[in-house]
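Source file entry.cif; content: mmCIF, C-alpha atoms.
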data_entry
loop_
_atom_site.label_atom_id
_atom_site.label_comp_id
_atom_site.auth_asym_id
_atom_site.auth_seq_id
_atom_site.Cartn_x
_atom_site.Cartn_y
_atom_site.Cartn_z
CA MET J 19 132.42 46.38 58.08
CA GLN J 20 133.37 43.18 59.86
CA HIS J 21 131.20 41.97 62.77
CA SER J 22 128.69 44.76 62.14
CA ALA J 23 125.74 42.46 62.91
CA LEU J 24 127.33 41.48 66.22
CA VAL J 25 127.98 45.13 67.09
CA ARG J 26 124.38 46.00 66.25
CA TRP J 27 123.07 43.26 68.54
CA LEU J 28 125.40 44.23 71.36
CA CYS J 29 124.23 47.85 71.05
CA ARG J 30 120.61 46.70 71.25
CA ILE J 31 121.33 44.69 74.38
CA TYR J 32 123.19 47.61 75.94
CA GLY J 33 120.35 49.95 74.99
CA GLY J 34 117.99 47.64 76.89
CA LEU J 35 120.29 47.53 79.91
CA LEU J 36 120.24 51.32 80.07
CA TYR J 37 116.61 51.09 81.20
CA THR J 38 117.81 49.77 84.55
CA TYR J 39 119.37 53.18 85.35
CA PRO J 40 117.22 55.78 87.11
CA ARG J 41 115.03 57.62 84.63
CA GLU J 42 116.60 61.03 85.20
CA PHE J 43 120.12 59.67 84.68
CA ARG J 44 119.07 57.70 81.60
CA LEU J 45 117.36 60.66 79.97
CA ARG J 46 120.37 62.88 80.61
CA TYR J 47 123.22 60.50 79.70
CA GLY J 48 121.64 57.41 78.11
CA ALA J 49 122.07 58.53 74.49
CA GLU J 50 125.72 59.46 75.06
CA MET J 51 126.41 56.18 76.85
CA LYS J 52 124.90 54.23 73.99
CA GLN J 53 126.88 56.26 71.49
CA ILE J 54 130.25 55.69 73.15
CA PHE J 55 129.43 52.00 73.61
CA ARG J 56 128.74 51.77 69.87
CA ASP J 57 131.88 53.76 68.97
CA ARG J 58 134.06 51.59 71.18
CA CYS J 59 132.52 48.36 69.87
CA ARG J 60 133.09 49.43 66.25
CA SER J 61 136.65 50.42 66.97
CA LEU J 62 137.44 47.17 68.79
CA ALA J 63 135.70 45.07 66.12
CA GLU J 64 138.01 46.59 63.50
CA THR J 65 141.22 46.45 65.49
CA GLN J 66 140.90 43.44 67.79
CA GLY J 67 138.01 41.38 66.44
CA PRO J 68 135.57 39.32 68.52
CA ARG J 69 138.04 38.76 71.34
CA GLY J 70 138.43 42.50 71.96
CA LEU J 71 134.67 42.93 71.72
CA LEU J 72 134.11 40.18 74.25
CA ARG J 73 136.60 41.71 76.68
CA PHE J 74 134.95 45.12 76.34
CA CYS J 75 131.50 43.60 76.86
CA ALA J 76 132.69 41.85 80.04
CA LEU J 77 134.11 45.18 81.29
CA THR J 78 130.91 46.99 80.38
CA GLY J 79 128.79 44.28 82.04
CA ALA J 80 130.68 44.70 85.33
CA ASP J 81 130.49 48.47 84.92
CA TRP J 82 126.73 48.27 84.31
CA LEU J 83 126.17 46.09 87.37
CA THR J 84 128.04 48.38 89.76
CA THR J 85 126.92 51.72 88.36
CA THR J 86 123.26 50.82 88.01
CA ILE J 87 123.19 50.10 91.76
CA ARG J 88 125.18 53.20 92.58
CA GLU J 89 123.04 55.51 90.47
CA GLY J 90 119.90 53.91 91.86
CA VAL J 91 121.01 54.60 95.43
CA ASP J 92 122.14 58.08 94.40
CA SER J 93 118.78 58.87 92.82
CA MET J 94 117.03 57.97 96.08
CA ARG J 95 119.36 60.25 98.00
CA VAL J 96 118.74 63.21 95.74
CA ALA J 97 114.98 62.81 95.64
CA ASN J 98 113.41 66.17 94.92
CA PRO J 99 110.55 67.80 96.87
CA SER J 100 107.96 66.79 94.29
CA THR J 101 108.92 63.12 94.71
CA VAL J 102 108.61 63.53 98.48
CA ARG J 103 105.22 65.17 98.03
CA PHE J 104 104.01 62.42 95.73
CA ALA J 105 105.18 59.62 98.07
CA LEU J 106 103.67 61.18 101.20
CA LEU J 107 100.38 62.05 99.52
CA ALA J 108 100.28 58.45 98.30
CA GLY J 109 100.63 57.39 101.95
CA ILE J 110 97.74 59.66 102.99
CA THR J 111 95.57 58.41 100.11
CA LEU J 112 96.38 54.82 101.05
CA SER J 113 95.39 55.50 104.67
CA LEU J 114 92.06 56.98 103.57
CA ALA J 115 91.47 54.05 101.20
CA LEU J 116 92.30 51.39 103.81
CA MET J 117 90.05 53.10 106.35
CA SER J 118 87.16 53.59 103.88
CA ILE J 119 87.27 50.00 102.65
CA LYS J 120 87.25 48.66 106.19
CA ILE J 121 84.32 50.83 107.22
CA PHE J 122 82.37 50.27 104.01
CA PHE J 123 82.57 46.47 104.09
CA ASP J 124 82.56 46.09 107.83
CA ARG J 125 79.99 48.49 109.28
CA PRO J 126 79.67 47.92 113.02
CA LEU J 127 81.32 51.23 113.88
CA LEU J 128 78.68 53.21 111.95
CA ALA J 129 75.94 51.48 113.95
CA ILE J 130 77.38 52.71 117.25
CA PRO J 131 76.13 56.15 118.39
CA GLY J 132 79.04 58.56 118.03
CA GLY J 133 80.98 55.99 115.99
CA SER J 134 81.05 58.20 112.92
CA ALA J 135 82.94 60.86 114.92
CA TYR J 136 86.01 58.59 114.92
CA ILE J 137 85.82 58.34 111.14
CA LEU J 138 85.27 62.06 110.58
CA GLU J 139 88.04 63.16 112.95
CA THR J 140 90.57 60.77 111.45
CA THR J 141 89.57 61.79 107.92
CA ALA J 142 89.85 65.49 108.78
CA VAL J 143 93.33 65.09 110.29
CA LEU J 144 94.51 62.98 107.35
CA LEU J 145 93.30 65.72 104.99
CA LEU J 146 95.07 68.31 107.13
CA TYR J 147 98.25 66.25 106.78
CA GLY J 148 97.76 66.34 103.02
CA VAL J 149 97.49 70.14 103.11
CA CYS J 150 100.64 70.41 105.30
CA ILE J 151 102.57 68.14 102.92
CA VAL J 152 101.59 70.21 99.89
CA TRP J 153 102.43 73.42 101.76
CA ALA J 154 105.84 72.21 102.98
CA THR J 155 106.95 70.70 99.67
CA ARG J 156 105.87 73.55 97.42
CA SER J 157 108.51 75.50 95.57
CA GLY J 158 109.96 78.13 97.94
CA GLY J 159 108.40 76.25 100.89
CA PRO J 160 109.15 77.11 104.52
CA LEU J 161 111.89 74.52 105.07
CA GLY J 162 114.22 74.98 102.14
CA ARG J 163 115.22 72.09 99.91
CA ASN J 164 118.09 70.69 101.98
CA VAL J 165 116.30 70.78 105.33
CA LEU J 166 113.21 69.30 103.71
CA LEU J 167 115.14 66.40 102.18
CA SER J 168 117.26 65.66 105.24
CA GLY J 169 114.14 65.91 107.47
CA THR J 170 112.39 63.52 105.09
CA THR J 171 115.26 61.01 105.23
CA LEU J 172 115.34 61.11 109.02
CA GLY J 173 111.55 60.84 109.13
CA LEU J 174 111.82 57.70 106.97
CA VAL J 175 114.38 56.23 109.36
CA ALA J 176 112.10 56.94 112.31
CA ALA J 177 109.21 55.36 110.38
CA VAL J 178 111.24 52.18 109.92
CA VAL J 179 111.90 52.11 113.69
CA GLU J 180 108.21 52.61 114.46
CA ILE J 181 107.05 50.06 111.87
CA ALA J 182 109.48 47.50 113.28
CA HIS J 183 108.11 48.16 116.74
CA LEU J 184 104.48 47.94 115.58
CA ALA J 185 105.15 44.68 113.74
CA ALA J 186 107.03 43.26 116.72
CA GLU J 187 104.15 44.19 119.01
CA ASP J 188 101.71 42.21 116.86
CA PHE J 189 103.80 39.27 115.74
CA VAL J 190 106.39 38.73 118.47
CA GLN J 191 105.34 38.25 122.05
CA PHE J 192 108.19 39.56 124.19
CA GLY J 193 106.24 39.40 127.42
CA PRO J 194 106.70 41.69 130.41
CA PRO J 195 108.87 43.63 131.05
CA TRP J 196 110.31 43.49 127.49
CA ASP J 197 107.14 44.86 125.87
CA ALA J 198 107.52 48.06 127.87
CA ILE J 199 111.27 48.22 127.28
CA THR J 200 110.92 47.85 123.48
CA ALA J 201 108.08 50.42 123.41
CA LEU J 202 110.13 52.95 125.37
CA THR J 203 113.25 52.28 123.32
CA SER J 204 111.46 52.73 120.00
CA MET J 205 109.80 55.92 121.31
CA PHE J 206 113.12 57.30 122.55
CA VAL J 207 114.93 56.49 119.29
CA THR J 208 112.12 58.07 117.24
CA PHE J 209 112.16 61.28 119.30
CA LEU J 210 115.94 61.36 119.06
CA ILE J 211 115.80 61.07 115.28
CA TRP J 212 113.31 63.96 115.08
CA GLY J 213 115.68 65.90 117.33
CA VAL J 214 118.55 65.19 114.93
CA ALA J 215 116.41 66.55 112.08
CA GLY J 216 115.84 69.69 114.17
CA TYR J 217 119.52 70.01 115.01
CA ARG J 218 120.52 69.78 111.36
CA GLY J 219 117.84 72.25 110.31
CA ALA J 220 118.84 74.75 112.99
CA ARG J 221 122.56 74.38 112.32
CA ARG J 222 122.14 74.87 108.61
CA ALA J 223 119.96 77.97 109.04
CA GLY J 224 121.81 79.35 112.08
CA ALA J 225 118.49 79.80 113.96
CA ILE J 226 116.26 77.72 116.21
CA ALA J 227 112.95 78.22 114.36
CA PRO J 228 113.97 76.17 111.27
CA GLY J 229 114.99 73.41 113.70
CA VAL J 230 111.48 73.41 115.15
CA LEU J 231 110.02 73.17 111.65
CA ALA J 232 112.47 70.43 110.62
CA GLY J 233 111.67 68.33 113.70
CA CYS J 234 107.95 68.82 113.08
CA TRP J 235 108.32 67.92 109.40
CA SER J 236 110.32 64.81 110.20
CA ALA J 237 107.54 63.70 112.57
CA ILE J 238 104.91 64.34 109.88
CA VAL J 239 106.87 62.15 107.44
CA THR J 240 107.15 59.37 110.02
CA THR J 241 103.44 59.49 110.79
CA ALA J 242 102.34 59.73 107.15
CA ILE J 243 104.17 56.44 106.53
CA LEU J 244 103.31 54.78 109.82
CA VAL J 245 99.54 55.33 109.66
CA PRO J 246 98.83 53.35 106.44
CA PHE J 247 101.08 50.58 107.72
CA GLY J 248 99.21 50.58 111.04
CA PHE J 249 95.83 50.49 109.28
CA ALA J 250 96.94 47.62 107.04
CA LEU J 251 98.22 45.73 110.05
CA GLU J 252 95.37 46.36 112.47
CA PHE J 253 92.50 46.25 109.98
CA TYR J 254 93.61 43.42 107.71
CA TRP J 255 96.76 41.43 108.55
CA ALA J 256 96.64 41.08 112.29
CA MET J 257 93.36 42.39 113.61
CA PRO J 258 93.25 41.61 117.35
CA LYS J 259 91.03 38.65 118.19
CA PRO J 260 87.76 39.49 120.04
CA GLU J 261 88.62 37.15 122.92
CA TYR J 262 91.85 39.11 123.38
CA VAL J 263 90.20 42.54 123.05
CA VAL J 264 87.66 41.77 125.81
CA THR J 265 90.58 41.42 128.24
CA TRP J 266 91.72 44.99 127.57
CA GLY J 267 91.09 47.44 130.39
CA GLU J 268 90.18 50.12 127.81
CA PHE J 269 87.39 47.94 126.43
CA GLN J 270 86.05 47.09 129.86
CA ARG J 271 86.00 50.75 130.88
CA SER J 272 84.46 51.94 127.59
CA GLY J 273 81.03 50.40 128.18
CA TRP J 274 80.92 49.25 124.53
CA THR J 275 79.47 45.85 123.83
CA ASP J 276 80.49 45.43 120.19
CA VAL J 277 84.08 44.20 120.33
CA HIS J 278 84.57 44.51 116.58
CA ALA J 279 83.43 48.14 116.49
CA PHE J 280 85.61 48.89 119.50
CA THR J 281 88.68 47.41 117.75
CA ILE J 282 88.15 49.62 114.69
CA ALA J 283 87.47 52.71 116.82
CA ASN J 284 90.54 51.96 118.91
CA THR J 285 92.76 51.77 115.82
CA LEU J 286 91.34 55.04 114.48
CA GLU J 287 91.81 56.76 117.83
CA SER J 288 95.38 55.51 118.07
CA ALA J 289 96.11 56.83 114.55
CA LEU J 290 94.49 60.15 115.45
CA GLU J 291 96.61 60.50 118.60
CA HIS J 292 99.76 59.72 116.66
CA MET J 293 98.88 62.24 113.96
CA VAL J 294 98.11 65.02 116.42
CA GLU J 295 100.87 64.40 118.94
CA SER J 296 103.78 63.51 116.66
CA PRO J 297 104.25 66.95 115.00
CA ILE J 298 104.06 68.62 118.43
CA ILE J 299 106.65 66.25 119.92
CA GLY J 300 108.79 66.59 116.78
CA ALA J 301 108.65 70.38 117.08
CA ILE J 302 109.61 70.22 120.79
CA PHE J 303 112.55 67.89 120.19
CA GLY J 304 113.54 69.82 117.08
CA GLY J 305 113.46 73.04 119.11
CA ILE J 306 115.51 71.59 121.97
CA ALA J 307 118.07 70.16 119.56
CA GLY J 308 118.05 73.45 117.64
CA ALA J 309 118.77 75.33 120.87
CA LEU J 310 121.84 73.12 121.37
CA THR J 311 123.32 74.60 118.21
CA ARG J 312 123.23 78.05 119.85
CA ILE J 313 125.43 77.04 122.79
CA PRO J 314 128.82 78.63 122.22
CA ARG J 315 131.58 76.05 121.99
CA LYS J 316 134.77 76.33 123.99
CA PRO J 317 137.73 76.86 121.70
CA GLN J 318 139.82 73.73 121.29
CA PRO J 319 143.36 74.04 122.70
CA GLY J 320 144.85 72.91 119.37
CA ALA J 321 142.93 75.52 117.40
CA THR J 322 144.99 78.40 118.78
CA ILE J 323 148.23 76.62 118.01
CA ALA J 324 147.07 75.80 114.50
CA GLN J 325 146.00 79.38 113.88
CA ALA J 326 149.30 80.64 115.19
CA MET D 826 124.60 81.96 97.39
CA ALA D 827 126.52 78.65 97.62
CA LYS D 828 130.11 79.03 98.78
CA THR D 829 132.75 77.63 96.42
CA PRO D 830 134.49 74.74 98.18
CA ALA D 831 138.23 74.90 98.77
CA PRO D 832 140.12 72.39 96.55
CA ARG D 833 141.47 70.55 99.60
CA ASP D 834 137.87 69.88 100.75
CA LEU D 835 137.37 67.74 97.65
CA LEU D 836 140.53 65.65 98.08
CA PRO D 837 141.42 62.87 97.72
CA LEU D 838 139.86 62.31 94.31
CA THR D 839 138.91 58.85 93.13
CA PRO D 840 141.14 57.53 90.31
CA PRO D 841 138.38 57.89 87.65
CA VAL D 842 137.68 61.51 88.64
CA PHE D 843 141.37 62.38 88.70
CA HIS D 844 142.00 60.86 85.29
CA VAL D 845 138.88 62.45 83.77
CA LEU D 846 140.16 65.83 84.97
CA LEU D 847 143.59 65.04 83.53
CA ALA D 848 141.94 64.19 80.22
CA LEU D 849 140.23 67.58 80.21
CA ALA D 850 143.32 69.49 81.33
CA ASP D 851 144.59 70.23 77.85
CA GLU D 852 141.41 70.35 75.79
CA GLU D 853 137.65 69.95 75.76
CA ARG D 854 136.55 66.42 74.99
CA HIS D 855 133.41 64.39 74.44
CA GLY D 856 132.70 61.24 76.45
CA TYR D 857 134.39 58.86 74.02
CA GLY D 858 137.42 61.13 73.81
CA ILE D 859 137.69 61.15 77.60
CA MET D 860 137.37 57.36 77.71
CA LEU D 861 140.18 56.89 75.18
CA ASP D 862 142.43 59.48 76.82
CA VAL D 863 142.06 57.90 80.26
CA ALA D 864 142.96 54.50 78.80
CA ARG D 865 145.99 56.09 77.10
CA GLN D 866 147.12 57.96 80.24
CA THR D 867 147.03 54.79 82.32
CA ASN D 868 148.34 52.44 79.67
CA ASP D 869 144.95 50.64 79.65
CA VAL D 870 145.15 49.93 83.38
CA LEU D 871 142.09 52.10 84.00
CA GLN D 872 139.38 51.49 81.41
CA LEU D 873 136.28 53.48 82.19
CA GLY D 874 132.98 51.87 81.29
CA PRO D 875 130.16 54.16 80.10
CA GLY D 876 128.34 53.95 83.45
CA THR D 877 131.42 54.89 85.48
CA LEU D 878 132.34 57.68 83.07
CA TYR D 879 128.93 59.35 83.05
CA GLY D 880 128.38 58.74 86.77
CA CYS D 881 131.67 60.60 87.37
CA LEU D 882 130.73 63.37 84.95
CA LYS D 883 127.35 63.77 86.66
CA ARG D 884 128.99 64.20 90.07
CA MET D 885 131.74 66.42 88.67
CA LEU D 886 129.17 68.66 86.98
CA ALA D 887 127.28 68.91 90.28
CA ALA D 888 130.49 69.75 92.16
CA GLY D 889 131.44 72.38 89.56
CA LEU D 890 134.67 70.63 88.51
CA VAL D 891 133.61 70.38 84.88
CA ALA D 892 131.06 72.12 82.72
CA GLU D 893 129.38 71.35 79.46
CA SER D 894 130.98 73.21 76.62
CA ASP D 895 128.87 75.16 74.17
CA GLU D 896 131.51 75.15 71.50
CA ARG D 897 132.31 72.31 69.14
CA PRO D 898 135.96 72.07 68.13
CA ASP D 899 135.13 71.02 64.60
CA PRO D 900 131.40 70.93 63.87
CA ALA D 901 131.89 69.86 60.28
CA LEU D 902 133.76 66.72 61.21
CA ASP D 903 132.06 65.84 64.42
CA ASP D 904 128.73 64.31 65.37
CA GLU D 905 126.64 67.25 66.55
CA ARG D 906 124.83 65.07 69.10
CA ARG D 907 128.00 64.68 71.11
CA ARG D 908 128.33 66.77 74.22
CA TYR D 909 131.72 68.24 75.00
CA TYR D 910 133.00 68.80 78.51
CA ARG D 911 135.56 71.28 79.76
CA MET D 912 137.35 71.73 83.05
CA THR D 913 136.30 74.70 85.18
CA ALA D 914 138.65 76.95 87.16
CA LEU D 915 137.72 75.00 90.31
CA GLY D 916 138.41 71.72 88.50
CA HIS D 917 141.81 73.08 87.52
CA ARG D 918 142.68 73.99 91.11
CA VAL D 919 141.44 70.64 92.38
CA VAL D 920 143.39 68.54 89.87
CA ARG D 921 146.55 70.54 90.64
CA ALA D 922 146.04 70.00 94.36
CA GLU D 923 145.46 66.27 93.82
CA ALA D 924 148.53 65.98 91.59
CA GLN D 925 150.56 67.73 94.29
CA ARG D 926 149.14 65.37 96.92
CA LEU D 927 150.11 62.36 94.80
CA ALA D 928 153.57 63.85 94.16
CA ASN D 929 154.04 64.23 97.93
CA ALA D 930 153.00 60.60 98.38
CA VAL D 931 155.53 59.52 95.74
CA THR D 932 158.24 61.57 97.46
CA ALA D 933 157.37 59.90 100.77
CA ALA D 934 157.46 56.46 99.14
CA LYS D 935 160.84 57.23 97.60
CA ALA D 936 162.20 58.39 100.95
CA LYS D 937 161.21 55.01 102.37
CA ARG D 938 162.98 53.31 99.43
CA LEU D 939 159.71 51.82 98.20
CA LEU D 940 160.27 53.17 94.70
CA SER D 941 163.19 53.13 92.36
CA PRO D 942 163.26 54.97 89.03
CA ARG D 943 163.19 51.62 87.19
CA LYS D 944 160.10 50.51 89.11
CA ILE D 945 158.37 53.79 88.34
CA ARG D 946 159.09 53.34 84.63
CA ASN D 947 157.81 49.75 84.74
CA ALA D 948 154.67 50.78 86.55
CA ALA D 949 154.02 53.44 83.96
CA GLY D 950 154.62 50.93 81.18
CA MET D 951 157.53 52.93 79.80
CA ALA D 952 160.27 50.35 80.29
#
Could you quickly redo this structure as structure tokens?
Amino acid sequence: MQHSALVRWLCRIYGGLLYTYPREFRLRYGAEMKQIFRDRCRSLAETQGPRGLLRFCALTGADWLTTTIREGVDSMRVANPSTVRFALLAGITLSLALMSIKIFFDRPLLAIPGGSAYILETTAVLLLYGVCIVWATRSGGPLGRNVLLSGTTLGLVAAVVEIAHLAAEDFVQFGPPWDAITALTSMFVTFLIWGVAGYRGARRAGAIAPGVLAGCWSAIVTTAILVPFGFALEFYWAMPKPEYVVTWGEFQRSGWTDVHAFTIANTLESALEHMVESPIIGAIFGGIAGALTRIPRKPQPGATIAQA
Amino acid sequence: MAKTPAPRDLLPLTPPVFHVLLALADEERHGYGIMLDVARQTNDVLQLGPGTLYGCLKRMLAAGLVAESDERPDPALDDERRRYYRMTALGHRVVRAEAQRLANAVTAAKAKRLLSPRKIRNAAGMA
């Protein structure tokens, strides 16, 4: 057969390119895609020669570029509960690791009486988060697949908002009154997003309770992502300078003398507050938004005409 | 239990999806067969690459427009690794609705004197 070596090489290259598709898609369709690529190449090599092959390869190259992106985006959208579980548990593990490393190599907090309580409380709540994540993402879990995935997506969006705010707080000095305005805006947007998760959950299920759960779940997702980022930022990348910490009212009121230990304890306490309060706020906003779905809508004037 | 969507909820179809359904309207086909039939239908104007074809088939399988066929038209002559696809009843209703929608669009275009029979023939490559 003419050009068989060329066809063989092209098939090898295409076989390599298939690895850029999401794994699930590649396993399901990769062999068929390779087979039709080979069939088409052989056919064109016989009927049109190298020019036809080249044209087909250019078409396939453009096709590969567009569809590999599309399938990649698609695979993220249709993430399954086990992927969500894995990602969130990875976030919890990372939080525990970042906290442990900081405390192990930098021990002033352990030397303070009562300092270990901060560590134990934060660890216990992180572990509780892990249990909740496993419980919610298990097969036949309380949320249902669609509510779980849409709540996860909205929780991710809220996490991006919160991370942007946290980073801005540390790296960009807005100054008063913009600091307060950005903090309130990010808080409002985050609560609103959790409310949207609740609204969608309640509307899909036709009841308020799933909305409460969806709002709560969305808040858990946000916090599970935000906490490791916060630890990385506050413990390693941008730990507040001691001369800045001593100006804080909280430090002055605390009676602590070790600024470094106070900074670590303050970060742990902040994480703990977020972890405890977020699911409650998410549940409240999810419930309120869920209740909105129960308000009967006035019939639209056009609806009667259309029905008639 | 999931509710079957109404055909009009799935319209308009993208050109690749419409032509893949057209390819499956008369018989079950494997991927390469669909690719060749779409090229033939459109006079090579629409040439589906493997990624587009299987991306479409994935979404069409999920939407219930097509299904994998268990039967092989001619097992002795065909590669047994090939998967064959067939159109479902929903796929049939959807492709009919889309064809009707396109026919209405053509009628509207004709009424506005945007199309003449000669132009239609040229566009279809039949002149």
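Within the 12 Å cut-off around Ser157 of chain J, using only C-alpha atoms and omitting residues fewer than 2 positions from it on the same chain, the listed residues are J:Asn98, J:Pro99, J:Ser100, J:Arg103, J:Ile151, J:Val152, J:Trp153, J:Ala154, J:Thr155, J:Gly159, J:Pro160, J:Leu161, J:Gly162, J:Arg163, J:Leu166.
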Atomic separation - atom CA of Gly133 of chain J relative to atom CA of Ile282 of chain J, Å: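 Between atom CA of Ile282 of chain J and atom CA of Gly133 of chain J the gap is 9.7 Å.
Here, the PyMOL selection byres ((chain D) within 12 of (chain J)) matches D:His855, D:Gly856, D:Tyr857, D:Gly858, D:Ile859, D:Met860, D:Leu861, D:Asp869, D:Leu871, D:Gln872, D:Leu873, D:Gly874, D:Pro875, D:Gly876, D:Thr877, D:Leu878, D:Tyr879, D:Gly880, D:Cys881, D:Leu882, D:Lys883, D:Arg884, D:Ala887, D:Asp904, D:Glu905, D:Arg906, D:Arg907, D:Arg908, D:Tyr909.
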Closest of J:Glu268, J:Asp276, J:Glu287, J:Asp188 to Trp255 of chain J - atom-to-atom distances counting all atoms listed in the file: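 Of J:Glu268, J:Asp276, J:Glu287, J:Asp188, the one nearest Trp255 of chain J, counting all atoms listed in the file, is J:Asp188.
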Picked residues, the PyMOL selection byres ((chain D and resi 913) around 9), as a list in words: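 Taken over the shown coordinates, the PyMOL selection byres ((chain D and resi 913) around 9) returns Gly889, Leu890, Val891, Ala892, Arg911, Met912, Ala914, Leu915, Gly916, His917 and Arg918 of chain D.
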Selection result of the PyMOL selection byres ((chain J and resi 234) around 10) on this file, as a list in words: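 When the PyMOL selection byres ((chain J and resi 234) around 10) is applied to the shown file, the picked residues are Gly169, Gly173, Trp212, Gly213, Ala215, Gly216, Pro228, Gly229, Val230, Leu231, Ala232, Gly233, Trp235, Ser236, Ala237, Ile238, Val239, Thr240, Ser296, Pro297, Ile298, Ile299, Gly300, Ala301, Ile302, Phe303, Gly304 and Gly305 of chain J.
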Could you save those same residues with C-alpha atoms as a PDB file, in the frame of the given file?
ATOM      1  CA  GLY J 169     114.140  65.910 107.470  1.00  0.00           C
ATOM      2  CA  GLY J 173     111.550  60.840 109.130  1.00  0.00           C
ATOM      3  CA  TRP J 212     113.310  63.960 115.080  1.00  0.00           C
ATOM      4  CA  GLY J 213     115.680  65.900 117.330  1.00  0.00           C
ATOM      5  CA  ALA J 215     116.410  66.550 112.080  1.00  0.00           C
ATOM      6  CA  GLY J 216     115.840  69.690 114.170  1.00  0.00           C
ATOM      7  CA  PRO J 228     113.970  76.170 111.270  1.00  0.00           C
ATOM      8  CA  GLY J 229     114.990  73.410 113.700  1.00  0.00           C
ATOM      9  CA  VAL J 230     111.480  73.410 115.150  1.00  0.00           C
ATOM     10  CA  LEU J 231     110.020  73.170 111.650  1.00  0.00           C
ATOM     11  CA  ALA J 232     112.470  70.430 110.620  1.00  0.00           C
ATOM     12  CA  GLY J 233     111.670  68.330 113.700  1.00  0.00           C
ATOM     13  CA  TRP J 235     108.320  67.920 109.400  1.00  0.00           C
ATOM     14  CA  SER J 236     110.320  64.810 110.200  1.00  0.00           C
ATOM     15  CA  ALA J 237     107.540  63.700 112.570  1.00  0.00           C
ATOM     16  CA  ILE J 238     104.910  64.340 109.880  1.00  0.00           C
ATOM     17  CA  VAL J 239     106.870  62.150 107.440  1.00  0.00           C
ATOM     18  CA  THR J 240     107.150  59.370 110.020  1.00  0.00           C
ATOM     19  CA  SER J 296     103.780  63.510 116.660  1.00  0.00           C
ATOM     20  CA  PRO J 297     104.250  66.950 115.000  1.00  0.00           C
ATOM     21  CA  ILE J 298     104.060  68.620 118.430  1.00  0.00           C
ATOM     22  CA  ILE J 299     106.650  66.250 119.920  1.00  0.00           C
ATOM     23  CA  GLY J 300     108.790  66.590 116.780  1.00  0.00           C
ATOM     24  CA  ALA J 301     108.650  70.380 117.080  1.00  0.00           C
ATOM     25  CA  ILE J 302     109.610  70.220 120.790  1.00  0.00           C
ATOM     26  CA  PHE J 303     112.550  67.890 120.190  1.00  0.00           C
ATOM     27  CA  GLY J 304     113.540  69.820 117.080  1.00  0.00           C
ATOM     28  CA  GLY J 305     113.460  73.040 119.110  1.00  0.00           C
TER      29      GLY J 305
END
Option closest in space to Ala864 of chain D, from D:Ala848, D:Val920, D:Pro832, D:Ser894 [counting all atoms listed in the file]: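 Counting all atoms listed in the file, the residue closest to Ala864 of chain D is D:Ala848.
What separates atom CA of Ile87 of chain J from atom CA of Gly33 of chain J is a distance of 17.0 Å.
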Atom CA of Ala283 of chain J to atom CA of Ser134 of chain J, straight-line distance in Å: 9.3 Å
Selection as a list of chain:residue names: residues within 12 Å of (145.1, 53.0, 84.8), counting all atoms listed in the file: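 Looking at atoms near the point gives D:Thr839, D:Pro840, D:Pro841, D:Val842, D:Phe843, D:His844, D:Val845, D:Met860, D:Leu861, D:Asp862, D:Val863, D:Ala864, D:Arg865, D:Gln866, D:Thr867, D:Asn868, D:Asp869, D:Val870, D:Leu871, D:Gln872, D:Leu873, D:Ala948, D:Ala949, D:Gly950.
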